[in-house]
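Enquirer: To start, I am sharing the structure in question, which I have written as structure tokens.
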Amino acid sequence: MNKITSDNSINIIGAGFAGLAAGIYAQMNGYRSQVFEMHDLPGGLCTSWMRKGYTIDCCIHWLVGSSPESSMHDLWEEVGITQRRQFINMNEYYRLEGPDGRTLTFYTDVDRLEKHLLEFSPQDVEPIKEFITGIRMCLAFDQPSRHTPLPKRLAKQFKLILSFIRNGKKMQKWMQIRSRDFANRFKDPLLKKGFEEMWIPEFSMLFMLFTFAYLHSKNAGYPLGGSMPMSKALEERYKALGGIIHYNNRVDKILTGSDKAIGIRLENGTEHFCSRVISAADGYSTIFRMLDGKYADEKIRSIYDKWLPFPPLIFAGIGVNRTFTDVLPSVSGFSFQLKEPVEIGKEKRDRLHVHLYNHDTSMAPPGKTVLTTMIMTDYESWKRLAEDKSAYLNKKDEIANKLIELLEQRFPGITSQIEMIDIATPMTFERYTANWKGSFEGWLITPENAGVLMKPMSQSLPGLANFYMCGQWVEPGGGLPTGIMSGRRLIKRLCREDRKKFRTTAH
Ligand SMILES: Cc1cc2nc3c(=O)[nH]c(=O)nc-3n(C[C@H](O)[C@H](O)[C@H](O)COP(=O)(O)OP(=O)(O)OC[C@H]3O[C@@H](n4cnc5c(N)ncnc54)[C@H](O)[C@@H]3O)c2cc1C
């Protein structure tokens, strides 16, 4: 095959945050990039859709880097996300309504949170104090923005280095604690439930501490307008820099010759040659389908055998012809006790999580509200069910009806006000983003793979030159900031390989 290209062309697979970020930084640095995206929209998992006038937002709850004082904000400026966008910071992260009329609130202000938790459950003083001390420890760990005046920036950086020296061991300890295990330390059943529900049970506690630290610093705000406007802003920035996106173009194979990536073949059979290929698509399909597993050594196979991805979800969007002025906005919503346990998504549960979008009026027509609920489920049973289309659709209807019945327990009369209900399943996530097993955020960070925080995963594959990966499958923990940092880190590396200075521009 004599198709090897040795110019500065890059083909990028996937127009999620990581793929578009790689494209943006590639364009800033003089590369000629094109993005091939299987869907007809930008953003990948950072998405929303409209049903009967309601917007169902399937991603953003909080964006780390929303504060102009943070270094992550500089990156959001580079990729065109923070400009003309308004962020709001809520007082509550999550709320649990107990069976006994008690309400447990996870406030975003750490001092208020400490006071409330101690009042709520004095018997749990020890784990509460540890949790709060952990959050306070993480407060010092944000790099200052480049716009911070020099003396203040130097002082902040000095504090950060000091914190690393002082707290390195403590951070490692928190890394090793799963939120499920930490939850088990609480005696009060609702507090225990809170720690189990708020987070993925297998996820390392360190990330919960950091999230609360960012929320306290007002550096994890909610962007009004939600997910899709951010994805469109990223697309706009990429195109303004000269990037080209080919939508409705699913990549089938990554073409190789003499152990070098030389291009891609689309599902429609066309081939596109280039000097480098970046996959910002799902890791499993990239390594085991697009490259037929040829460049997966034992280490990579063992990752895909052993590491845990974020679980797949049943994600319901519900449009209601009413407002909820009596329910305070919160970053991740609230949960309430059900009259009796019900089985949804394989597991019996005695509480239902609800997220009301009464903090963002753009999500619903005036006087109406959209609410969502996220329920963790498994992949395999949905995969089997989807083989029989009518059984699959019936299951979705059954879940929709069950959810309405359950919401009626908390909001009597809501049934007659519901105008729209839409159920996304792991199959929906797979169909629209190709993420492995319908996962919604790539790899979890658990005690087993915590080492990646010290030594990041490789962005290339052994034995294959001119090929790279970025995004949530090479950056455990996932998330939108990680996607941007991942694309940026990769282009920085290409610049190093090409012996040129990495450049960025803000606009
Ligand atoms: C319900 C939910 C809530 C979330 N909340 C937050 C939050 O509050 N804050 C936060 O920071 N993050 C949040 N996330 C996580 C965040 O959305 C993801 O981690 C991030 O968007 C992943 O970006 P990515 O570019 O790595 O991957 P993806 O978004 O998965 O992008 C991959 C892209 O590749 C495309 N693709 C795949 N295969 C192919 C192929 N063969 N050919 C062409 N294109 C292909 C896909 O269509 C997709 O566009 C949330 C996610 C969900 C679902």
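Identifiers in this document derive from the order of the structure tokens: chains are assigned A, B, ..., residues are numbered from 1 separately in each chain, and ligands are numbered from 1 in order of occurrence.
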Please report, as a Markdown table, each residue of chain A lying at most 6 Å from ligand 1, together with the nearest pair of atoms and the separation in Å rounded to one decimal; use only C-alpha atoms and all ligand atoms, and order rows by chain and ascending residue number.
Expert:
```
| residue | atom | partner | partner_atom_place_in_ligand_line | distance |
| --- | --- | --- | --- | --- |
| A:Ile13 | CA | ligand 1 | 43 (C) | 5.2 |
| A:Gly14 | CA | ligand 1 | 34 (O) | 3.3 |
| A:Ala15 | CA | ligand 1 | 49 (O) | 4.6 |
| A:Gly16 | CA | ligand 1 | 31 (O) | 3.5 |
| A:Phe17 | CA | ligand 1 | 25 (O) | 4.0 |
| A:Ala18 | CA | ligand 1 | 25 (O) | 3.8 |
| A:Gly19 | CA | ligand 1 | 25 (O) | 5.6 |
| A:Phe36 | CA | ligand 1 | 43 (C) | 5.3 |
| A:Glu37 | CA | ligand 1 | 44 (N) | 3.8 |
| A:Met38 | CA | ligand 1 | 43 (C) | 4.0 |
| A:His39 | CA | ligand 1 | 47 (O) | 5.2 |
| A:Gly43 | CA | ligand 1 | 49 (O) | 5.6 |
| A:Gly44 | CA | ligand 1 | 49 (O) | 3.2 |
| A:Leu45 | CA | ligand 1 | 29 (O) | 3.8 |
| A:Cys46 | CA | ligand 1 | 17 (O) | 4.4 |
| A:Cys58 | CA | ligand 1 | 1 (C) | 4.6 |
| A:Cys59 | CA | ligand 1 | 3 (C) | 3.6 |
| A:Ile60 | CA | ligand 1 | 8 (O) | 3.8 |
| A:His61 | CA | ligand 1 | 8 (O) | 3.5 |
| A:Trp62 | CA | ligand 1 | 8 (O) | 4.2 |
| A:Leu63 | CA | ligand 1 | 9 (N) | 5.2 |
| A:Asn249 | CA | ligand 1 | 43 (C) | 6.0 |
| A:Arg250 | CA | ligand 1 | 42 (N) | 3.6 |
| A:Val251 | CA | ligand 1 | 42 (N) | 3.8 |
| A:Asp252 | CA | ligand 1 | 41 (N) | 5.7 |
| A:Ala280 | CA | ligand 1 | 32 (C) | 5.8 |
| A:Ala281 | CA | ligand 1 | 34 (O) | 3.8 |
| A:Asp282 | CA | ligand 1 | 37 (C) | 5.4 |
| A:Tyr432 | CA | ligand 1 | 47 (O) | 5.7 |
| A:Thr433 | CA | ligand 1 | 47 (O) | 3.7 |
| A:Ala434 | CA | ligand 1 | 37 (C) | 4.9 |
| A:Asn435 | CA | ligand 1 | 30 (O) | 5.8 |
| A:Phe440 | CA | ligand 1 | 53 (C) | 4.3 |
| A:Glu441 | CA | ligand 1 | 19 (O) | 4.2 |
| A:Gly471 | CA | ligand 1 | 26 (O) | 3.4 |
| A:Gln472 | CA | ligand 1 | 26 (O) | 3.9 |
| A:Gly478 | CA | ligand 1 | 19 (O) | 4.2 |
| A:Gly479 | CA | ligand 1 | 19 (O) | 3.4 |
| A:Leu480 | CA | ligand 1 | 11 (O) | 3.7 |
| A:Pro481 | CA | ligand 1 | 11 (O) | 5.7 |
| A:Gly483 | CA | ligand 1 | 26 (O) | 5.1 |
```
Enquirer: So that I can see what lies close to Gln86 (chain A), please list as a PyMOL selection string the residues with an atom at most 9 Å from it, counting only C-alpha atoms and leaving out residues fewer than 3 positions away in the same chain.
Expert: chain A and resi 82-83+222-225
Enquirer: May I have the residues within 12 Å of Thr325 (chain A) as a VMD selection string, using only C-alpha atoms and disregarding those fewer than 2 positions away in the same chain?
Expert: chain A and resid 322 to 323 327 to 329 356 to 359 367 to 369
Enquirer: To one decimal place in Å, what is the distance between CA of Pro365 (chain A) and CA of Ser66 (chain A)?
Expert: 26.7 Å
Enquirer: Which residue out of A:Ile135, A:Lys192, A:Ile254, A:Ile421 has the minimum interatomic distance to Glu267 (chain A) when only C-alpha atoms are used?
Expert: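 For Glu267 (chain A), the nearest of the given residues is A:Ile254.
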Enquirer: For the helix (DSSP H, G or I) assignment from backbone DSSP, which residues of region 295-440 of chain A qualify? Please present them as a ChimeraX atom specification.
Expert: /A:298-306,361-363,380-385,389-410,414-417,426-433,436-438
Enquirer: Tell me, which residues of region 60-278 of chain A carry DSSP strand (DSSP E), written as a PyMOL selection string?
Expert: chain A and resi 63-64+87-88+92-97+103-107+220-223+244-246+251-257+260-266+271-273+276-278
Enquirer: Print the selection's residues with N, CA and C atoms to a file, as a compact mmCIF listing (two decimals), in the first residue's frame.
Expert:
```txt
# COMPACT_ATOMS: atom_id res chain seq x y z
N LEU A 63 -19.43 22.10 36.31
CA LEU A 63 -18.26 22.19 35.44
C LEU A 63 -17.08 22.70 36.26
N VAL A 64 -16.12 21.83 36.50
CA VAL A 64 -14.93 22.25 37.24
C VAL A 64 -14.16 23.23 36.37
N PHE A 87 -22.59 31.12 34.73
CA PHE A 87 -22.58 29.97 35.65
C PHE A 87 -23.32 30.34 36.93
N ILE A 88 -24.06 29.37 37.46
CA ILE A 88 -24.66 29.62 38.78
C ILE A 88 -24.08 28.61 39.78
N GLU A 92 -26.91 23.88 47.56
CA GLU A 92 -27.01 22.47 47.94
C GLU A 92 -26.45 21.57 46.84
N TYR A 93 -25.76 20.53 47.28
CA TYR A 93 -25.28 19.53 46.32
C TYR A 93 -26.31 18.42 46.16
N TYR A 94 -26.81 17.91 47.29
CA TYR A 94 -27.73 16.77 47.24
C TYR A 94 -28.53 16.75 48.53
N ARG A 95 -29.75 16.28 48.44
CA ARG A 95 -30.61 16.25 49.62
C ARG A 95 -31.31 14.90 49.72
N LEU A 96 -31.43 14.41 50.95
CA LEU A 96 -32.15 13.15 51.15
C LEU A 96 -33.32 13.40 52.09
N GLU A 97 -34.50 13.07 51.62
CA GLU A 97 -35.67 13.18 52.49
C GLU A 97 -35.86 11.83 53.16
N THR A 103 -34.61 15.72 57.06
CA THR A 103 -33.98 15.99 55.77
C THR A 103 -32.49 16.17 55.96
N LEU A 104 -31.74 15.44 55.19
CA LEU A 104 -30.28 15.55 55.24
C LEU A 104 -29.82 16.30 54.00
N THR A 105 -29.07 17.40 54.21
CA THR A 105 -28.65 18.21 53.06
C THR A 105 -27.13 18.25 52.98
N PHE A 106 -26.63 17.97 51.81
CA PHE A 106 -25.19 18.12 51.58
C PHE A 106 -24.98 19.50 50.97
N TYR A 107 -24.67 20.47 51.84
CA TYR A 107 -24.46 21.84 51.38
C TYR A 107 -23.13 21.96 50.63
N ALA A 220 -17.19 25.04 40.52
CA ALA A 220 -17.85 23.90 39.88
C ALA A 220 -19.31 24.31 39.66
N GLY A 221 -19.46 25.41 38.91
CA GLY A 221 -20.80 25.97 38.69
C GLY A 221 -21.56 25.23 37.61
N TYR A 222 -22.85 25.53 37.55
CA TYR A 222 -23.70 24.96 36.50
C TYR A 222 -23.85 26.02 35.39
N PRO A 223 -23.55 25.64 34.14
CA PRO A 223 -23.67 26.60 33.04
C PRO A 223 -25.11 26.71 32.55
N ILE A 244 -12.24 20.79 10.25
CA ILE A 244 -13.36 20.26 9.44
C ILE A 244 -13.98 19.08 10.18
N ILE A 245 -15.32 19.09 10.28
CA ILE A 245 -15.98 17.93 10.93
C ILE A 245 -16.85 17.22 9.90
N HIS A 246 -16.72 15.91 9.85
CA HIS A 246 -17.57 15.09 8.98
C HIS A 246 -18.54 14.33 9.88
N VAL A 251 -16.34 5.54 11.83
CA VAL A 251 -15.07 4.92 11.45
C VAL A 251 -15.16 3.43 11.75
N ASP A 252 -14.79 2.63 10.76
CA ASP A 252 -14.87 1.18 10.91
C ASP A 252 -13.49 0.62 11.27
N LYS A 253 -12.47 1.07 10.55
CA LYS A 253 -11.11 0.54 10.79
C LYS A 253 -10.09 1.66 10.81
N ILE A 254 -9.04 1.43 11.60
CA ILE A 254 -7.88 2.31 11.53
C ILE A 254 -6.89 1.59 10.63
N LEU A 255 -6.46 2.25 9.57
CA LEU A 255 -5.60 1.59 8.59
C LEU A 255 -4.15 1.66 9.06
N THR A 256 -3.45 0.55 8.91
CA THR A 256 -2.05 0.53 9.32
C THR A 256 -1.19 -0.05 8.20
N GLY A 257 0.07 0.30 8.22
CA GLY A 257 1.04 -0.26 7.27
C GLY A 257 2.39 -0.20 7.94
N LYS A 260 2.47 1.32 11.36
CA LYS A 260 2.21 2.77 11.49
C LYS A 260 0.76 2.99 11.14
N ALA A 261 0.10 3.90 11.87
CA ALA A 261 -1.26 4.26 11.48
C ALA A 261 -1.15 5.16 10.26
N ILE A 262 -1.93 4.83 9.22
CA ILE A 262 -1.81 5.64 7.99
C ILE A 262 -3.15 6.25 7.56
N GLY A 263 -4.20 5.92 8.26
CA GLY A 263 -5.49 6.52 7.89
C GLY A 263 -6.64 5.77 8.52
N ILE A 264 -7.83 6.05 8.01
CA ILE A 264 -9.04 5.39 8.54
C ILE A 264 -9.93 4.93 7.39
N ARG A 265 -10.71 3.89 7.68
CA ARG A 265 -11.74 3.49 6.71
C ARG A 265 -13.09 3.67 7.38
N LEU A 266 -13.98 4.35 6.67
CA LEU A 266 -15.31 4.59 7.23
C LEU A 266 -16.21 3.39 6.95
N GLU A 271 -11.81 5.58 2.27
CA GLU A 271 -10.59 5.60 3.07
C GLU A 271 -10.01 7.01 3.09
N HIS A 272 -9.48 7.40 4.25
CA HIS A 272 -8.95 8.77 4.40
C HIS A 272 -7.56 8.65 5.01
N PHE A 273 -6.58 9.00 4.20
CA PHE A 273 -5.19 8.81 4.65
C PHE A 273 -4.67 10.09 5.31
N ARG A 276 -1.16 11.15 10.87
CA ARG A 276 -1.39 10.66 12.24
C ARG A 276 -2.87 10.42 12.44
N VAL A 277 -3.18 9.42 13.27
CA VAL A 277 -4.58 9.15 13.62
C VAL A 277 -4.71 9.30 15.14
N ILE A 278 -5.76 10.03 15.55
CA ILE A 278 -6.08 10.12 16.98
C ILE A 278 -7.47 9.52 17.17
```
Enquirer: Show me, as a tab-separated table, the residues of region 39-115 of chain A having an atom within 9 Å of region 304-319 of chain A, each with the closest atom pair and its distance in Å, using only C-alpha atoms.
Expert:
```
residue	atom	partner	partner_atom	distance
A:Arg51	CA	A:Gly319	CA	8.4
A:Lys52	CA	A:Gly319	CA	8.3
A:Gly53	CA	A:Gly319	CA	8.6
A:Tyr54	CA	A:Gly319	CA	6.1
A:Thr55	CA	A:Gly317	CA	8.4
A:Ile56	CA	A:Gly317	CA	5.6
A:Asp57	CA	A:Gly317	CA	8.0
A:Cys58	CA	A:Phe315	CA	7.7
```
Enquirer: Can you pull out the residues contacting Pro341 (chain A)? Cut-off 7 Å, using only C-alpha atoms, and skip same-chain residues under 6 positions away; I want them as a PyMOL selection string.
Expert: chain A and resi 348-350
Enquirer: Now that the selection is made, can you save its residues with C-alpha atoms as a short mmCIF file (atom, residue, chain, number, x, y, z; two decimals), in the first residue's frame?
Expert:
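Output (again-v4.cif):
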```cif
data_model
loop_
_atom_site.label_atom_id
_atom_site.label_comp_id
_atom_site.auth_asym_id
_atom_site.auth_seq_id
_atom_site.Cartn_x
_atom_site.Cartn_y
_atom_site.Cartn_z
CA LYS A 348 -34.70 -3.46 44.45
CA ARG A 349 -34.60 0.12 45.69
CA ASP A 350 -36.37 1.94 48.47
#
```
Enquirer: Measuring atom to atom with only C-alpha atoms, identify which of A:Asp109, A:Asp360, A:Glu430, A:Glu408 is nearest to Phe336 (chain A).
Expert: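 When distances to Phe336 (chain A) are compared using only C-alpha atoms, the smallest one comes from A:Glu408.
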